[in-house]
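Asks: So I've got this file, coords.cif, and it contains mmCIF, C-alpha atoms:
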```cif
data_entry
#
loop_
_atom_site.label_atom_id
_atom_site.label_comp_id
_atom_site.auth_asym_id
_atom_site.auth_seq_id
_atom_site.Cartn_x
_atom_site.Cartn_y
_atom_site.Cartn_z
CA MET A 1 35.62 17.26 -37.18
CA LYS A 2 32.74 18.83 -35.31
CA GLY A 3 32.43 21.44 -38.06
CA ILE A 4 32.16 18.73 -40.71
CA ILE A 5 29.37 17.05 -38.78
CA TYR A 6 27.52 20.35 -38.44
CA ALA A 7 27.87 21.04 -42.16
CA CYS A 8 26.66 17.52 -43.07
CA LEU A 9 23.66 17.91 -40.78
CA ALA A 10 22.88 21.29 -42.34
CA GLY A 11 22.80 19.66 -45.78
CA ALA A 12 20.58 16.85 -44.53
CA PHE A 13 18.20 19.38 -42.99
CA LEU A 14 18.04 21.37 -46.24
CA THR A 15 17.08 18.29 -48.24
CA LEU A 16 14.65 17.23 -45.53
CA GLN A 17 13.07 20.67 -45.69
CA GLY A 18 12.69 20.50 -49.47
CA THR A 19 11.22 17.02 -49.26
CA ALA A 20 8.80 17.97 -46.50
CA ASN A 21 7.65 21.03 -48.47
CA ALA A 22 7.12 18.87 -51.55
CA ALA A 23 5.07 16.33 -49.58
CA ILE A 24 2.92 19.08 -48.04
CA GLY A 25 2.55 20.82 -51.40
CA ASP A 26 1.42 17.59 -53.03
CA GLU A 27 -1.32 17.32 -50.44
CA ILE A 28 -2.63 20.89 -49.99
CA GLY A 29 -1.20 22.79 -53.01
CA ALA A 30 2.16 24.47 -53.58
CA TRP A 31 1.16 28.06 -52.72
CA GLN A 32 -0.55 26.85 -49.57
CA ALA A 33 2.54 24.88 -48.56
CA ALA A 34 4.74 27.92 -49.22
CA ALA A 35 2.51 30.15 -47.10
CA LEU A 36 2.35 27.56 -44.32
CA THR A 37 6.09 26.98 -43.97
CA GLN A 38 6.94 30.67 -44.28
CA GLY A 39 4.19 31.47 -41.78
CA THR A 40 5.32 29.03 -39.09
CA GLY A 41 8.95 30.03 -39.64
CA PHE A 42 7.99 33.68 -39.35
CA ALA A 43 6.08 33.09 -36.12
CA ALA A 44 9.11 31.34 -34.61
CA ALA A 45 11.54 34.02 -35.80
CA LEU A 46 9.32 36.81 -34.50
CA LEU A 47 9.04 35.07 -31.14
CA ILE A 48 12.84 34.90 -30.91
CA VAL A 49 13.18 38.60 -31.75
CA LEU A 50 10.61 39.48 -29.06
CA LEU A 51 12.15 37.18 -26.44
CA LEU A 52 15.60 38.63 -27.04
CA GLY A 53 14.25 42.18 -26.88
CA ASP A 54 16.01 42.76 -30.19
CA LYS A 55 15.38 46.37 -31.21
CA SER A 56 17.58 46.48 -34.29
CA TRP A 57 14.54 46.67 -36.59
CA ARG A 58 14.70 50.40 -35.91
CA ASN A 59 17.65 50.53 -38.30
CA LEU A 60 15.53 49.15 -41.11
CA ASN A 61 15.04 52.64 -42.50
CA GLN A 62 18.73 52.58 -43.50
CA VAL A 63 17.94 49.75 -45.91
CA LYS A 64 16.65 50.61 -49.38
CA PRO A 65 12.94 49.71 -49.50
CA ILE A 66 13.41 47.32 -52.42
CA TYR A 67 15.90 45.21 -50.41
CA ARG A 68 13.40 44.88 -47.59
CA LEU A 69 11.09 43.04 -50.00
CA GLY A 70 13.65 40.36 -50.88
CA GLY A 71 11.88 37.76 -48.76
CA GLY A 72 8.98 37.86 -51.20
CA PHE A 73 11.02 35.89 -53.73
CA ALA A 74 10.53 32.90 -51.45
CA ALA A 75 6.99 32.50 -52.79
CA PHE A 76 8.33 31.73 -56.28
CA ILE A 77 11.33 29.81 -54.94
CA LEU A 78 9.14 27.51 -52.87
CA PHE A 79 6.48 27.10 -55.56
CA SER A 80 9.10 26.14 -58.16
CA ASN A 81 10.94 23.91 -55.74
CA ILE A 82 7.81 22.00 -54.73
CA THR A 83 6.79 21.52 -58.36
CA ALA A 84 10.28 20.39 -59.34
CA TYR A 85 10.58 17.92 -56.44
CA ASN A 86 7.26 16.35 -57.33
CA GLN A 87 8.22 16.04 -61.00
CA ASN A 88 11.84 14.95 -60.80
CA GLY A 89 12.58 13.82 -57.27
CA ALA A 90 15.10 15.30 -54.86
CA ALA A 91 18.48 14.64 -56.48
CA LEU A 92 17.92 16.29 -59.85
CA THR A 93 16.14 19.23 -58.23
CA VAL A 94 18.89 19.83 -55.69
CA ALA A 95 21.57 19.51 -58.37
CA SER A 96 19.86 22.04 -60.67
CA LEU A 97 19.21 24.39 -57.80
CA LEU A 98 22.84 24.35 -56.67
CA ILE A 99 24.38 25.03 -60.04
CA ALA A 100 21.89 27.77 -60.95
CA GLN A 101 22.62 29.39 -57.60
CA MET A 102 26.39 29.33 -58.12
CA ILE A 103 26.24 30.61 -61.70
CA ALA A 104 23.76 33.36 -60.83
CA THR A 105 25.88 34.52 -57.90
CA LEU A 106 28.96 34.50 -60.11
CA THR A 107 27.18 36.48 -62.84
CA MET A 108 25.93 39.11 -60.43
CA GLU A 109 29.38 39.48 -58.90
CA LYS A 110 30.96 39.81 -62.33
CA ALA A 111 28.37 42.38 -63.35
CA GLY A 112 29.13 44.25 -60.13
CA TRP A 113 25.49 44.40 -59.09
CA PHE A 114 24.76 45.03 -55.45
CA GLY A 115 28.24 46.48 -55.08
CA THR A 116 29.92 43.13 -54.43
CA ALA A 117 33.60 42.69 -55.11
CA THR A 118 34.39 41.08 -58.43
CA GLY A 119 37.28 38.70 -58.43
CA ARG A 120 38.71 36.87 -61.41
CA LEU A 121 37.90 33.20 -61.57
CA ARG A 122 40.85 30.86 -61.51
CA LYS A 123 41.26 28.14 -64.10
CA SER A 124 40.54 25.52 -61.44
CA GLN A 125 37.23 27.23 -60.74
CA TRP A 126 36.19 27.17 -64.39
CA ALA A 127 37.10 23.47 -64.39
CA GLY A 128 34.97 23.04 -61.27
CA LEU A 129 31.94 24.66 -62.93
CA ALA A 130 32.41 22.51 -66.05
CA LEU A 131 32.55 19.34 -63.92
CA MET A 132 29.35 20.37 -62.17
CA VAL A 133 27.54 20.85 -65.45
CA ILE A 134 28.69 17.42 -66.68
CA GLY A 135 27.62 15.96 -63.35
CA ILE A 136 24.12 17.41 -63.74
CA LEU A 137 23.87 16.06 -67.27
CA CYS A 138 24.78 12.59 -65.93
CA LEU A 139 22.04 12.91 -63.31
CA THR A 140 19.52 14.11 -65.89
CA LEU A 141 20.00 11.91 -68.96
CA MET B 142 10.85 16.65 -66.59
CA ILE B 143 12.08 19.74 -68.44
CA VAL B 144 9.53 21.98 -66.74
CA GLY B 145 10.73 20.76 -63.36
CA ILE B 146 14.38 21.38 -64.25
CA VAL B 147 13.66 24.87 -65.56
CA MET B 148 11.72 25.69 -62.42
CA ALA B 149 14.56 24.41 -60.22
CA LEU B 150 17.07 26.50 -62.20
CA ALA B 151 14.87 29.57 -61.85
CA ALA B 152 14.53 28.93 -58.13
CA GLY B 153 18.31 28.69 -57.81
CA CYS B 154 18.78 32.06 -59.53
CA LEU B 155 16.15 33.65 -57.32
CA ILE B 156 17.85 32.25 -54.21
CA SER B 157 21.03 34.06 -55.26
CA VAL B 158 19.21 37.33 -55.84
CA GLN B 159 17.38 36.97 -52.56
CA THR B 160 20.64 36.27 -50.74
CA MET B 161 22.05 39.55 -52.11
CA PHE B 162 18.97 41.41 -50.91
CA ASN B 163 19.07 39.71 -47.51
CA ASN B 164 22.74 40.55 -47.07
CA LYS B 165 21.86 44.22 -47.55
CA VAL B 166 19.23 43.94 -44.84
CA SER B 167 21.48 42.10 -42.40
CA ALA B 168 24.14 44.79 -42.80
CA ALA B 169 21.77 47.12 -40.96
CA VAL B 170 19.82 44.91 -38.55
CA SER B 171 20.52 41.78 -36.48
CA SER B 172 20.41 38.33 -38.04
CA HIS B 173 17.28 37.37 -36.09
CA THR B 174 15.45 40.45 -37.29
CA THR B 175 16.60 39.76 -40.86
CA THR B 176 15.25 36.22 -40.66
CA ALA B 177 11.93 37.42 -39.29
CA LEU B 178 11.58 40.08 -42.00
CA VAL B 179 12.53 37.70 -44.81
CA LEU B 180 10.09 35.01 -43.68
CA GLY B 181 7.37 37.62 -43.10
CA MET B 182 7.75 38.89 -46.65
CA GLY B 183 7.70 35.32 -47.91
CA LEU B 184 4.48 34.70 -46.02
CA ILE B 185 2.81 37.82 -47.44
CA ALA B 186 3.90 36.99 -50.99
CA SER B 187 2.91 33.30 -50.90
CA PHE B 188 -0.39 34.08 -49.25
CA GLY B 189 -1.16 36.96 -51.62
CA ILE B 190 -0.25 35.14 -54.82
CA GLY B 191 -1.96 31.91 -53.75
CA TRP B 192 -5.14 33.77 -52.90
CA LEU B 193 -5.07 35.75 -56.17
CA MET B 194 -4.54 32.62 -58.24
CA GLU B 195 -6.97 30.31 -56.52
CA GLY B 196 -9.55 32.54 -54.85
CA SER B 197 -11.43 31.00 -51.97
CA SER B 198 -10.27 27.48 -52.86
CA PHE B 199 -6.87 28.62 -51.57
CA PHE B 200 -8.25 28.04 -48.09
CA ALA B 201 -9.77 24.64 -48.84
CA THR B 202 -6.94 22.64 -47.37
CA GLY B 203 -9.10 20.29 -45.32
CA THR B 204 -7.68 18.99 -42.07
CA MET B 205 -3.93 18.78 -42.07
CA PRO B 206 -1.72 16.39 -40.14
CA LEU B 207 -0.20 18.09 -37.12
CA TRP B 208 3.36 17.88 -38.44
CA TYR B 209 2.58 20.25 -41.33
CA TRP B 210 2.50 23.04 -38.78
CA PHE B 211 6.02 22.30 -37.62
CA SER B 212 7.81 21.76 -40.92
CA GLY B 213 8.66 25.47 -41.06
CA LEU B 214 10.78 24.94 -37.96
CA LEU B 215 13.21 22.73 -39.91
CA GLY B 216 14.71 26.05 -41.00
CA ILE B 217 15.94 26.61 -37.46
CA GLY B 218 17.95 23.38 -37.66
CA VAL B 219 19.38 24.49 -41.00
CA VAL B 220 20.42 27.92 -39.73
CA THR B 221 21.94 26.57 -36.51
CA PHE B 222 24.04 23.94 -38.25
CA VAL B 223 25.14 26.24 -41.08
CA VAL B 224 26.21 28.96 -38.66
CA ASN B 225 28.16 26.53 -36.46
CA GLY B 226 29.72 24.79 -39.46
CA VAL B 227 30.87 28.11 -40.93
CA LYS B 228 32.25 29.18 -37.56
CA GLN B 229 34.37 26.03 -37.30
CA LEU B 230 35.46 25.57 -40.90
CA GLY B 231 35.17 28.93 -42.62
CA ALA B 232 32.60 29.70 -45.29
CA SER B 233 34.10 28.01 -48.37
CA TYR B 234 34.73 24.61 -46.80
CA ALA B 235 31.53 24.64 -44.80
CA ILE B 236 29.28 25.59 -47.71
CA SER B 237 30.94 23.03 -50.00
CA ILE B 238 30.23 20.32 -47.46
CA VAL B 239 26.67 21.57 -46.89
CA MET B 240 25.97 21.42 -50.62
CA ALA B 241 27.61 18.01 -51.07
CA SER B 242 25.68 16.61 -48.13
CA GLN B 243 22.46 18.11 -49.49
CA LEU B 244 23.00 16.37 -52.82
CA LEU B 245 24.04 13.02 -51.33
CA CYS B 246 21.04 12.95 -49.00
CA ALA B 247 18.81 13.74 -51.98
CA LEU B 248 20.27 10.85 -54.02
CA TRP B 249 20.08 8.49 -51.08
CA TRP B 250 16.46 9.29 -50.17
CA ASP B 251 15.40 9.23 -53.84
CA SER B 252 16.83 5.75 -54.22
CA MET B 253 15.08 4.54 -51.07
CA GLY B 254 11.82 6.31 -51.88
CA TRP B 255 11.71 7.74 -48.37
CA PHE B 256 9.53 10.60 -47.13
CA GLY B 257 6.93 10.09 -49.84
CA LEU B 258 9.44 10.61 -52.66
CA LYS B 259 8.80 8.40 -55.64
CA GLN B 260 11.56 5.83 -55.80
CA VAL B 261 14.26 6.69 -58.33
CA PRO B 262 16.81 3.88 -58.56
CA LEU B 263 20.46 4.83 -58.23
CA THR B 264 22.22 3.94 -61.49
CA PRO B 265 26.01 3.91 -62.02
CA GLN B 266 25.59 6.93 -64.31
CA LYS B 267 23.89 8.88 -61.53
CA ALA B 268 26.59 7.93 -59.05
CA VAL B 269 29.24 9.18 -61.49
CA GLY B 270 27.23 12.39 -61.97
CA ALA B 271 27.09 13.00 -58.23
CA VAL B 272 30.81 12.38 -57.80
CA LEU B 273 31.66 14.79 -60.65
CA LEU B 274 29.33 17.40 -59.21
CA ILE B 275 30.93 17.20 -55.80
CA ILE B 276 34.49 17.32 -57.16
CA GLY B 277 33.46 20.35 -59.25
CA LEU B 278 31.87 22.01 -56.26
CA VAL B 279 34.93 21.57 -54.08
CA LEU B 280 37.23 22.77 -56.86
CA TYR B 281 35.09 25.85 -57.36
CA LYS B 282 34.55 26.76 -53.73
CA VAL B 283 37.82 25.78 -52.11
CA THR B 284 40.25 26.95 -54.76
CA GLY B 285 38.30 30.20 -54.98
CA LYS B 286 38.85 31.02 -51.33
CA THR B 287 40.30 34.45 -51.99
CA ARG B 288 37.12 35.46 -53.73
CA LYS B 289 34.73 37.30 -51.48
CA GLN B 290 32.07 34.81 -50.46
CA VAL B 291 28.76 36.58 -50.78
CA ASN B 292 26.76 33.44 -50.47
CA GLN B 293 27.94 32.50 -47.03
CA GLY B 294 25.33 34.17 -44.86
CA LYS B 295 21.88 32.77 -45.25
CA PRO B 296 21.22 30.56 -48.20
CA VAL B 297 18.79 29.34 -45.73
CA ALA B 298 16.09 31.65 -44.52
CA ALA B 299 15.14 31.86 -48.18
CA ARG B 300 13.50 28.52 -48.25
CA GLY B 301 11.55 28.54 -45.06
#
```
If you convert what's in this file into structure tokens, what do you get?

Replies:
Amino acid sequence: MKGIIYACLAGAFLTLQGTANAAIGDEIGAWQAAALTQGTGFAAALLIVLLLGDKSWRNLNQVKPIYRLGGGFAAFILFSNITAYNQNGAALTVASLLIAQMIATLTMEKAGWFGTATGRLRKSQWAGLALMVIGILCLTL
Amino acid sequence: MIVGIVMALAAGCLISVQTMFNNKVSAAVSSHTTTALVLGMGLIASFGIGWLMEGSSFFATGTMPLWYWFSGLLGIGVVTFVVNGVKQLGASYAISIVMASQLLCALWWDSMGWFGLKQVPLTPQKAVGAVLLIIGLVLYKVTGKTRKQVNQGKPVAARG
């Protein structure tokens, strides 16, 4: 029960975050809003690393340089998200985001990129994806 | 409308790619350090692109309400609740519920016009759409439990 409450709160926070970013972006510009939220988040995260005396950054050289840059995608993610929220509202944006995320993850797994295990999809999972697409169409049209 | 949908779809794909990248980083360093690195890169990229695109007007934000400076901290709430939810329920169930809750909150707040969202009335068609989406999501995630869940870690730090 506790776990369900945590998961529900996490979802609420995610939508709240998207909405807040959209409101800020509407006011000061989308790139500015992206930089601001990433910046304050970074400051907080850095503070935590310093307070904990976390030295694991030394292992960063074991990570391929390109993977270290992954965070940079957030600029485009946030910019697109802010624009989409302001055009279409929260529900349609969240719905599109979720399905694109699931299909992209599935495609990358199937293609075997990033060395992730590829499992076969069950029939019930294909049905699940189809239902999601119909659901998004209902939200859109 | 279409532009917004295409941008949201692109953002979703990028979130997946970023999650893959972030998972590679967190295999080598602690989760806190991963978060800091990811957000730092996001800061550099947003700042750099914004500045390139808009020049000095990038900085013309005027005075901002105080809360703008704290919105980035919402991410901490997200991470904490996701981590605890996954711990209690396992990744597939937890992430299904997170996504369903995300969508329901979005519909709810849209229909109320809260938080500066423009009010979008909740029609029966939309309610049906949301229900189908959630059933589909649960079917996909929960019946696919044996699949390795790559998306479990941090769908989160991505968005700042």

Asks: What are the residues of chain A lining chain B at 6 Å or less? Count only C-alpha atoms, and put the answer as a PyMOL selection string.

Replies: chain A and resi 3+6-8+10-13+15+28+31+34-35+37-42+45-46+56-57+59+67+70-72+74-75+77+80-81+84+87+90-91+93+96-97+100-101+104-105+119+125+128-129+131-132+135+138-139

Asks: Emit as AutoDock Vina command-line options the padded axis-aligned box for all listed atoms of stretch 4-17 of chain A, 3 Å per side, with centre and edge lengths in Å to one decimal.

Replies:
```
--center_x 22.6 --center_y 19.1 --center_z -43.3 --size_x 25.1 --size_y 10.5 --size_z 15.8
```

Asks: Using atom CA of A:Asp26 and atom CA of B:Met253 as the two end points, give the distance in Å to one decimal.

Replies: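 Spanning atom CA of A:Asp26 to atom CA of B:Met253 is a straight-line distance of 19.0 Å.
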
Asks: Using only C-alpha atoms, which of A:Gln17, A:Gln32, A:Gln62, A:Ser124 sits nearest A:Phe79?

Replies: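 Residue with the minimum atom-to-atom distance to A:Phe79: A:Gln32.
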
Asks: For atom CA of A:Ala33 and atom CA of A:Ile82, determine how far apart the two atoms are, in Å to one decimal place.

Replies: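 Going from atom CA of A:Ala33 over to atom CA of A:Ile82 covers 8.6 Å.
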
Asks: Restricting the calculation to only C-alpha atoms, which member of A:Leu47, A:Val133, A:Leu78, A:Leu52 is positioned closest to A:Leu98?

Replies: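 Between A:Leu47, A:Val133, A:Leu78, A:Leu52, the residue approaching A:Leu98 most closely is A:Val133.
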
Asks: To one decimal in Å, tell me the separation between atom CA of A:Ala95 and atom CA of A:Phe114.

Replies: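 Distance reported for this atom pair: 25.9 Å.
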